[in-house]
Structure formats: C-alpha cells, structure tokens
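Following: one structure in structure tokens, then a few remarks.
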Amino acid sequence: AKVWTVAGRVLAKNDMGKAAFLRLRDRSVGLDDAEDSKEPLNLQIYVRKDVVSEADWTLYKQFLDLGDIVGVRGRLFQTKTGEATLMVDGLVLLTKSLRPLPDKFHGLSDQEMRFRQRYVDLIANATARKTFRTRALIVEHIRSFLAARDYMEVETPMMQVIPGGATARPFVTHHNALDMPLYLRIAPELYLKRLLVGGFERVFELNRNFRNEGLSPRHNPEFTMLEFYQAYATFEDLIALTEEMLSGIAAKLAVAEGRAGNFVRPYGEHQINWAPPFQRYSVKGSLTALGGLSPADVETVESLTAACI
C-alpha cells in the first residue's frame with residue numbers, strides 16, 4: 001500500500017486509551033465551506049500505541065494539543081463508516097500551539113479581536129478564510145480578463161511629490177536623501193494617464209492607495225483599487241467592459257462554489273444578480289428612478305438643493 005506523508009493542524013481528538021482518532025485541517029478546505037455548516041476537516045488520522053514508536057506515542061499522549069501543527073506518515077484505510085483514514089506509523093510535532101484555540105462551538109465573535117488578530121480569525125472562522133480565497137479569485141480574474149484584452153499591467157509611484165487623482169487627505173513622509181516631504185498616493189490616476197500620453201494605449205493597475213481619513217470595519221486608510229484606462233474608447237465602451245468583467249467574476253465564483261450559472265451573490269441582507277445586461281441610468285435618471293425625486297426636482301441646482309434639504 002502507498003505510504004502518505006501529510007501535515008496539518010489538529011482540530012479534534014477522540015482518545016480511546018491505547019488508540020485515538022484525530023482530525024487534521026490544511027489549506028485544501030474549499031470555497032463553499034460556510035461558517036454555519038459542518039466544515040470538512042480534511043483528514044482523519046488513527047494513532048495506535050502498538051503501531052507507532054514509543055517516542056511517537058509519548059509525543060501524542062503528553063505533548064499533543066488541539067491547535068498544534070503535526071506531520072504524519074502512514075497508509076490509508078477505510079473505517080466501518082467508509083471514511084478514508086490514515087493509519088499513522090510516524091508522527092512529528094512541527095509547530096506547538098502555545099495558546100488555546102477559540103471555542104469550536106462559538107468561534108471567534110469578538111469584532112476587535114477578529115480584526116487585530118486576523119490569524120486567529122482565520123483559524124476559527126470558515127467565512128473569513130472564504131473571504132480571502134474569494135478575493136484571490138477576483139484578483140486573478142481581473143488580471144487575466146484585462147490581459148486578454150491587451151491591457152498592460154503597470155506599477156506607478158506610491159510616494160508622490162504632489163498627491164493627485166482624487167480628493168483626500170494624504171499621509172505625509174519625509175525623503176531623507178532629497179530632504180523633502182513626500183506623500184503616499186491617494187490615487188494612481190495621473191501617472192496612469194501619463195502612460196497614455198506616452199503611447200501605451202491600454203493600461204491598468206491593481207494599486208494600494210492611502211487616505212489619512214476615517215477608520216472603521218468598512219473603511220481602511222490603506223486599500224486596494226483597480227484603475228484601467230483605454231485610449232480611443234468612449235465611456236460606453238468602458239461601461240460594456242466593466243459589465244463583462246463583473247459578470248465574469250460572478251460566473252467564476254459560482255463555478256468555484258459548485259453553483260455554475262448562478263449569478264446571484266449576497267450582499268448583507270440583499271441578493272444581487274450580476275447576470276448581464278445591467279440596468280443603466282444617467283445620473284439624472286438615477287435620481288428620479290431610484291432616488292425618489294421628481295423630474296422637476298432635478299432640473300436645476302436650486303431645485304435639487306431644495307429637494308435634498
């Protein structure tokens with residue numbers, strides 16, 4: 001029989017005296033795992049005193065705790081319930097967990113701890129891990145989507161003499177060699193447009209921006225943004241491109257989650273359908289169709305101001 005060597009975090013132990021079943025989890029947990037479901041723990045392993053060495057059995061009995069990361073070696077077999085299980089014949093402690101894991105029944109619900117100790121949040125909450133994987137798939141799709149349409153990915157300066165491209169308060173730093181103040185960028189727009197001037201007709205940047213303003217779970221002073229520019233295109237061209245890109249992201253996530261063809265994504269209490277074509281509005285049309293204003297309200301600046309007061 002084939003010998004397997006695997007590693008993972010110990011998330012469950014069922015000790016039966018001279019034998020024990022343990023559950024290990026590694027990175028292979030899928031995108032469709034939800035926090036409120038029974039997340040599959042990747043592999044069940046079986047440790048028996050008469051199979052492993054005395055040193056390995058002592059390691060298991062005296063030193064192995066939930067949260068520890070271990071490496072195991074052995075052969076696969078099926079339990080009476082038909083579950084694939086690794087019969088361990090070698091065990092090594094890779095990383096010791098010095099602090100106990102959050103309660104498995106309550107998870108990590110403290111908002112402050114979740115954001116300040118993100119690694120604990122990732123261990124305890126399947127939804128947090130799913131968010132990271134979802135983001136990675138989105139970024140991958142954006143890059144491949146734009147590259148397939150001959151957009152060139154670039155990097156523009158993060159430290160700028162004059163921060164521009166948006167209206168926001170910048171972070172200020174000092175360049176010692178030049179003895180001058182510099183600003184962390186609030187947007188890459190002006191540098192990207194210079195590339196258009198220089199002859200690169202399609203460019204994009206997935207960029208980090210810094211805005212020295214409010215802080216909340218929904219607003220981070222450091223954030224990632226996509227900007228793309230295309231010469232000789234109208235705003236209608238970019239609307240169509242954006243619609244194709246966003247609906248493509250929804251389609252790709254649906255495939256990854258085993259829901260191929262489903263364009264509906266949850267956002268808070270809402271369900272948003274990303275299937276094309278999207279509904280399109282002018283600014284004025286959106287104020288009347290969605291904002292509840294009358295056509296007369298949006299005729300002049302004065303009437304709009306009066307309607308909004």
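Chain labels run A, B, ... following the order of the structure tokens; each chain numbers its residues from 1, and ligands are numbered from 1 in the order shown.
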
For this session: Name all residues at most 6 Å from segment 153-169 of chain A (count only C-alpha atoms; drop same-chain ones fewer than 5 positions away) and give them as a list in words.
Result: Leu182, Tyr183, Leu184, Arg185, Ala187, Glu189, Leu190, Val203, Phe204, Glu205, Arg211 and Asn212 of chain A

Could you please take those selected residues and save N, CA, C and O atoms as a PDB file, in the first residue's frame?
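The result, written out as selection15.pdb:
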```
ATOM      1  N   LEU A 182       7.268  63.978   1.046  1.00  0.00           N
ATOM      2  CA  LEU A 182       6.578  63.202   0.022  1.00  0.00           C
ATOM      3  C   LEU A 182       5.252  62.724   0.606  1.00  0.00           C
ATOM      4  O   LEU A 182       5.066  62.704   1.823  1.00  0.00           O
ATOM      5  N   TYR A 183       4.358  62.320  -0.277  1.00  0.00           N
ATOM      6  CA  TYR A 183       3.023  61.916   0.138  1.00  0.00           C
ATOM      7  C   TYR A 183       2.727  60.518  -0.404  1.00  0.00           C
ATOM      8  O   TYR A 183       3.028  60.211  -1.562  1.00  0.00           O
ATOM      9  N   LEU A 184       2.152  59.671   0.439  1.00  0.00           N
ATOM     10  CA  LEU A 184       1.656  58.396  -0.060  1.00  0.00           C
ATOM     11  C   LEU A 184       0.456  58.676  -0.954  1.00  0.00           C
ATOM     12  O   LEU A 184      -0.389  59.511  -0.630  1.00  0.00           O
ATOM     13  N   ARG A 185       0.383  57.976  -2.079  1.00  0.00           N
ATOM     14  CA  ARG A 185      -0.608  58.325  -3.083  1.00  0.00           C
ATOM     15  C   ARG A 185      -2.032  58.088  -2.570  1.00  0.00           C
ATOM     16  O   ARG A 185      -2.287  57.161  -1.802  1.00  0.00           O
ATOM     17  N   ALA A 187      -4.344  58.126  -5.118  1.00  0.00           N
ATOM     18  CA  ALA A 187      -4.861  57.514  -6.346  1.00  0.00           C
ATOM     19  C   ALA A 187      -3.726  57.459  -7.357  1.00  0.00           C
ATOM     20  O   ALA A 187      -2.822  58.299  -7.331  1.00  0.00           O
ATOM     21  N   GLU A 189      -4.182  57.799 -10.640  1.00  0.00           N
ATOM     22  CA  GLU A 189      -4.771  58.260 -11.891  1.00  0.00           C
ATOM     23  C   GLU A 189      -3.825  59.078 -12.764  1.00  0.00           C
ATOM     24  O   GLU A 189      -3.688  58.819 -13.963  1.00  0.00           O
ATOM     25  N   LEU A 190      -3.155  60.058 -12.181  1.00  0.00           N
ATOM     26  CA  LEU A 190      -2.371  60.981 -13.002  1.00  0.00           C
ATOM     27  C   LEU A 190      -1.188  60.286 -13.660  1.00  0.00           C
ATOM     28  O   LEU A 190      -0.849  60.578 -14.819  1.00  0.00           O
ATOM     29  N   VAL A 203      -3.790  50.450 -20.234  1.00  0.00           N
ATOM     30  CA  VAL A 203      -3.018  50.172 -19.028  1.00  0.00           C
ATOM     31  C   VAL A 203      -3.969  49.957 -17.858  1.00  0.00           C
ATOM     32  O   VAL A 203      -5.111  50.449 -17.848  1.00  0.00           O
ATOM     33  N   PHE A 204      -3.496  49.203 -16.874  1.00  0.00           N
ATOM     34  CA  PHE A 204      -4.257  49.060 -15.625  1.00  0.00           C
ATOM     35  C   PHE A 204      -3.300  48.843 -14.487  1.00  0.00           C
ATOM     36  O   PHE A 204      -2.153  48.421 -14.676  1.00  0.00           O
ATOM     37  N   GLU A 205      -3.784  49.113 -13.294  1.00  0.00           N
ATOM     38  CA  GLU A 205      -3.001  48.886 -12.082  1.00  0.00           C
ATOM     39  C   GLU A 205      -3.935  48.467 -10.951  1.00  0.00           C
ATOM     40  O   GLU A 205      -4.950  49.124 -10.695  1.00  0.00           O
ATOM     41  N   ARG A 211      -5.293  56.859   2.312  1.00  0.00           N
ATOM     42  CA  ARG A 211      -6.050  58.085   2.579  1.00  0.00           C
ATOM     43  C   ARG A 211      -6.172  58.259   4.085  1.00  0.00           C
ATOM     44  O   ARG A 211      -6.745  57.417   4.777  1.00  0.00           O
ATOM     45  N   ASN A 212      -5.618  59.350   4.568  1.00  0.00           N
ATOM     46  CA  ASN A 212      -5.470  59.585   6.002  1.00  0.00           C
ATOM     47  C   ASN A 212      -6.769  60.148   6.576  1.00  0.00           C
ATOM     48  O   ASN A 212      -6.850  61.303   6.993  1.00  0.00           O
TER      49      ASN A 212
END
```

Problem set entry | alpha helix (DSSP H) residues, from DSSP on the backbone, in segment 65-170 of chain A, as a ChimeraX atom specification | /A:111-116,118-124,126-148

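As for atom CA of Leu196 of chain A and atom CA of His174 of chain A, they are spaced 29.6 Å apart.
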
Problem set entry | Residues near segment 133-149 of chain A, cut-off 10 Å, only C-alpha atoms, skip fewer than 4 positions along chain, as a PyMOL selection string | chain A and resi 30-31+127-129+153+202-206+226+228+241+244-246+248-250+252-253+256-257

For this session: Pull the strand (DSSP E) assignments for segment 80-272 of chain A out of DSSP run on the backbone, and list those residues as a PyMOL selection string.
Result: chain A and resi 84-95+152-153+159-160+172-175+180-184+202-210+222-230+264-267+270-272

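We find atom CA of Gln62 of chain A and atom CA of Trp4 of chain A to be spaced 24.7 Å apart.
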
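You can rank A:Gln279, A:Thr242, A:Gln111, A:Thr58 by their closest distance to Ser216 of chain A using only C-alpha atoms, and at the top of that list sits A:Gln111.
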
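The environment of Asp50 of chain A within 12 Å, counting only C-alpha atoms and disregarding residues fewer than 6 places along the same chain, consists of Gly17, Lys18, Ala19, Ala20, Asp56, Trp57, Met87, Val88, Asp89 and Gly90 of chain A.
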
Keeping all heavy atoms, export the residues of the selection given above as a CSV table (one decimal), in the first residue's frame.
```
chain,number,residue,atom,x,y,z
A,17,GLY,N,-7.8,5.6,24.9
A,17,GLY,CA,-6.8,4.9,25.7
A,17,GLY,C,-5.6,4.5,25.0
A,17,GLY,O,-4.6,5.3,25.0
A,18,LYS,N,-5.6,3.4,24.3
A,18,LYS,CA,-4.4,3.0,23.6
A,18,LYS,C,-4.5,3.3,22.1
A,18,LYS,O,-3.7,2.8,21.3
A,18,LYS,CB,-4.2,1.5,23.8
A,18,LYS,CG,-3.8,1.1,25.2
A,18,LYS,CD,-3.5,-0.4,25.4
A,18,LYS,CE,-3.2,-0.7,26.8
A,18,LYS,NZ,-2.8,-2.2,27.0
A,19,ALA,N,-5.5,4.0,21.7
A,19,ALA,CA,-5.6,4.5,20.3
A,19,ALA,C,-6.4,5.8,20.3
A,19,ALA,O,-7.1,6.1,21.3
A,19,ALA,CB,-6.3,3.4,19.5
A,20,ALA,N,-6.4,6.5,19.2
A,20,ALA,CA,-7.1,7.7,19.1
A,20,ALA,C,-7.3,8.1,17.7
A,20,ALA,O,-6.5,7.8,16.8
A,20,ALA,CB,-6.3,8.8,19.8
A,56,ASP,N,6.9,8.3,19.6
A,56,ASP,CA,5.8,9.0,19.0
A,56,ASP,C,4.5,8.9,19.9
A,56,ASP,O,3.7,9.8,19.9
A,56,ASP,CB,5.5,8.3,17.6
A,56,ASP,CG,6.6,8.8,16.6
A,56,ASP,OD1,7.4,9.6,16.9
A,56,ASP,OD2,6.5,8.2,15.5
A,57,TRP,N,4.3,7.7,20.5
A,57,TRP,CA,3.2,7.6,21.4
A,57,TRP,C,3.3,8.6,22.6
A,57,TRP,O,2.3,9.2,23.0
A,57,TRP,CB,3.0,6.2,21.9
A,57,TRP,CG,1.8,6.0,22.7
A,57,TRP,CD1,1.8,5.7,24.1
A,57,TRP,CD2,0.5,6.0,22.3
A,57,TRP,NE1,0.5,5.6,24.5
A,57,TRP,CE2,-0.4,5.8,23.4
A,57,TRP,CE3,-0.1,6.1,21.0
A,57,TRP,CZ2,-1.8,5.7,23.3
A,57,TRP,CZ3,-1.5,6.1,20.9
A,57,TRP,CH2,-2.3,5.9,22.1
A,87,MET,N,-3.7,5.5,8.8
A,87,MET,CA,-3.1,4.7,9.9
A,87,MET,C,-1.7,5.2,10.1
A,87,MET,O,-0.8,5.0,9.3
A,87,MET,CB,-3.1,3.2,9.6
A,87,MET,CG,-2.4,2.4,10.6
A,87,MET,SD,-3.2,2.3,12.2
A,87,MET,CE,-4.5,1.1,11.8
A,88,VAL,N,-1.4,5.9,11.2
A,88,VAL,CA,-0.2,6.6,11.4
A,88,VAL,C,0.9,5.6,11.9
A,88,VAL,O,0.7,4.9,12.9
A,88,VAL,CB,-0.4,7.8,12.5
A,88,VAL,CG1,1.0,8.4,12.8
A,88,VAL,CG2,-1.3,8.8,11.9
A,89,ASP,N,2.1,5.7,11.2
A,89,ASP,CA,3.2,4.9,11.8
A,89,ASP,C,4.4,5.8,12.1
A,89,ASP,O,5.4,5.4,12.5
A,89,ASP,CB,3.6,3.8,10.8
A,89,ASP,CG,4.0,4.3,9.4
A,89,ASP,OD1,4.6,5.5,9.3
A,89,ASP,OD2,3.8,3.6,8.4
A,90,GLY,N,4.2,7.1,11.8
A,90,GLY,CA,5.2,8.1,12.2
A,90,GLY,C,4.6,9.5,12.5
A,90,GLY,O,3.6,9.9,11.8
```
